[in-house]
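Some notes on the structure that comes next.
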Amino acid sequence: GDRMWHFAVSVFLVELYGNSLLLTAVYGLVVAGSVLLLGAIIGDWVDKNSRLKVAQTSLVVQNASVILCGIILMIVFLFKTQLLTLYHGWLLTVCYILVITIANIANLASTATAITIQRDWIVVVAGEDRSKLADMNATIRRIDQLTNILAPMAVGQIMTYGSPMIGCGFISGWNLMSMCVEYLLLWKVYQKTPTLALKSAKVEESELKQLNVKKESDVKPAEGVQLIVEKDVTGFEPQQEKEVSCGARIAEPFITFRDGWVAYYNQPVFLAGMGLAFLYMTVLGFDCITTGYAYTQGLSGSVLSLLMGASAVTGIMGTVAFTWLRRKCGLIRTGLISGVAQFACLVLCAISVFMPGSPMDLSVSPFADISARLFESEPLPTIASPEDKPEMVFATGMPNLLNGSTTPANGDPEMSPEPVPLISVSLLFAGVIAARVGLWSFDLTVTQLLQENVVESERGIINGVQNSMNYLLDLLHFIMVILAPNPEAFGLLVLISVSFVAMGHIMYFRFAQKSLGKQLFVCCTPDPKTVSDSSPPGNTSTV
């Protein structure tokens, strides 16, 4: 259900607002800003509450929000013409705000679910077996990618051969059923794993000794854990006394925010986490921006769903590559190899910017008529008004086929060079899809590095800050699109995205160099033995 909604919401927003990417960018901006500000607080909430309560609460809130959003969108699609006339269109604007706000709540709940299940539950279930942890991480990601194939394909076909309103109803009904099934599955896993009910100092100390590669001795981690426990124990009693003070309650979220970021900066895998975060500063993914751009270039919902399915297949290949590379070369080197593979594939995206059919035109100012785009839906088709450029006419003419509008400038003779402009779009999506192999392998690498090197009592807040970092860079790329939403500027955004991906992998290279030193480029080493079940706690040759 979450994957269906993630794919459909961007198409719904483009359908509602015309061909502009503005509304999708605003939605992404709100989502990124919310996780940026609340990521540490959500993680702290995960740490301070029981695992079952956190998982069940976030699951119910997430699915209920998606269901409510689907109902509102169905009403908007049914009565859009009437809503436009009521109160000079302000009622329709209120509906847009409601959809974006509730969808943002659903995303925050999804963030809490991901932190507690994929960053905490899985570590407890795997115990001290790092190989089992890696296999479980890869399995969860494969399931995630399989849903990425099936969910968009189902919704895309329904929206193409049915209507967006039918798609909203289908997503709402599916989330209602899946919420019940997921709730029961979580309960069964919790019952079969008694250690999930424990959050004690002994568990933290044993996990720290087994997993933290940066520990200098057995005494210091134990002291660190004891200090954390003391803070937790003494933190509950003063809270009851300070409940009278409103100032302390107001300041508590800000203190949690500050402490979370400081703790994240002091983690030994800080550079690796930053490298992963920099990969989010990109339009080269199947998010609402790229989906909206492809939609304006003439790709239907059905084609987009098939492309997203293909990217999920390559993502599954990335999970297979991760497990194989980790056994052969070690965890840290796996991230380095995956980064090189991803960047090599993204070179195709950079080349696509200069190929025939690319709508990039630097003569058109990307910042022109921003105020007009905020209140009107017609300026975008007139941006590429010069008729002496067949590529530009084709790029702006294809959306007219989708929206049913007719433009006198686009006659039948202009449609003759149709196969030529597809070169740019094909290269773009070929690079994006192929890069998913390296991307997901790299993502799994950093995920396991965080799992192995963060104390249990801090897993929630550290991973919450990691999500905040991810969304901070994600926020920047949405701001770029808001400032330059026209398709002519998309090529420039592609080039900026490739450069940020390169910087992220440079950061990870620095982390790998500091961790392995001269052994970084020696793949045939006894690293796999050091991460086996019987590895001694003090071994620091690999992570």
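Chain labels A, B, ... are given in the sequence in which chains occur in the structure tokens; within each chain residues are numbered consecutively from 1, and ligands are likewise numbered from 1 in the order shown.
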Who sits within 9 Å of range 62-70 of chain A, only C-alpha atoms, same chain under 5 positions skipped, as a ChimeraX atom specification = /A:1-2,5,57,75,98-100,102-110,113,165,167-176,178-179
Smallest atom-to-atom distance to Thr139 in chain A: which of A:Leu492, A:Val320, A:Val94, A:Val30, using only C-alpha atoms?
-> A:Val320
If you count only C-alpha atoms, which residues fall within 9 Å of range 461-466 of chain A, apart from same-chain ones fewer than 4 positions away, as a PyMOL selection string?
-> chain A and resi 35-36+38-47+111-112+115+119+256-257+260-261+263-264+267+273-274+276-277+450+454+457+470-471
Mind listing the helix (DSSP H, G or I) residues of range 251-288 of chain A, per DSSP on the backbone, as number ranges by chain?
-> A: 251-265, 270-278, 288
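If only C-alpha atoms are the atoms counted, then among A:Ser10, A:Asn266, A:Ser58, A:Thr116 the closest residue to Pro152 in chain A is A:Ser10.
Considering the residues A:Leu475, A:Arg510, A:Trp440, A:Gly517 and counting only C-alpha atoms, Ala25 in chain A has its shortest atom-to-atom contact with A:Leu475.
Nearest-residue note for Gln145 in chain A: choosing from A:Ala251, A:Val437, A:Leu198, A:Leu84, the minimum distance belongs to A:Val437, counting only C-alpha atoms.
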Which polymer residues have any atom within 12 Å of an atom of Asp135 in chain A, counting only C-alpha atoms, with same-chain residues fewer than 6 positions away left out, as a PyMOL selection string?
-> chain A and resi 122-123+126+129+141-142+319-324+326-327+444-445+448
Across A:Ala350, A:Val76, A:Ile289, A:Met153, the smallest distance to Ser499 in chain A, with only C-alpha atoms counted, is shown by A:Ala350
Just the residues within 7 Å of Ala310 in chain A, please, counting only C-alpha atoms, with nothing from its chain fewer than 4 positions along; format it as JSON, numbers by chain.
-> {"A": [306, 314, 433]}
Using only N, CA, C and O atoms, please write the residues we just selected to a file, as a PDB file, in the first residue's frame.
ATOM      1  N   LEU A 306       5.817   0.545 -15.738  1.00  0.00           N
ATOM      2  CA  LEU A 306       6.717  -0.484 -16.255  1.00  0.00           C
ATOM      3  C   LEU A 306       8.177  -0.111 -16.021  1.00  0.00           C
ATOM      4  O   LEU A 306       9.006  -0.957 -15.673  1.00  0.00           O
ATOM      5  N   THR A 314      16.316  -4.169 -11.166  1.00  0.00           N
ATOM      6  CA  THR A 314      17.742  -3.863 -10.995  1.00  0.00           C
ATOM      7  C   THR A 314      18.070  -3.627  -9.521  1.00  0.00           C
ATOM      8  O   THR A 314      19.182  -3.915  -9.071  1.00  0.00           O
ATOM      9  N   ILE A 433      17.824   3.506 -14.280  1.00  0.00           N
ATOM     10  CA  ILE A 433      17.484   2.122 -13.947  1.00  0.00           C
ATOM     11  C   ILE A 433      18.737   1.295 -13.672  1.00  0.00           C
ATOM     12  O   ILE A 433      18.801   0.524 -12.714  1.00  0.00           O
TER      13      ILE A 433
END
From the list A:Met136, A:Ser305, A:Phe511, A:Leu476, which residue is nearest Met159 in chain A when using only C-alpha atoms?
-> A:Ser305
Figure out the distance between CA of Asp443 in chain A and CA of Ala32 in chain A, please, to one decimal in Å.
-> 18.7 Å
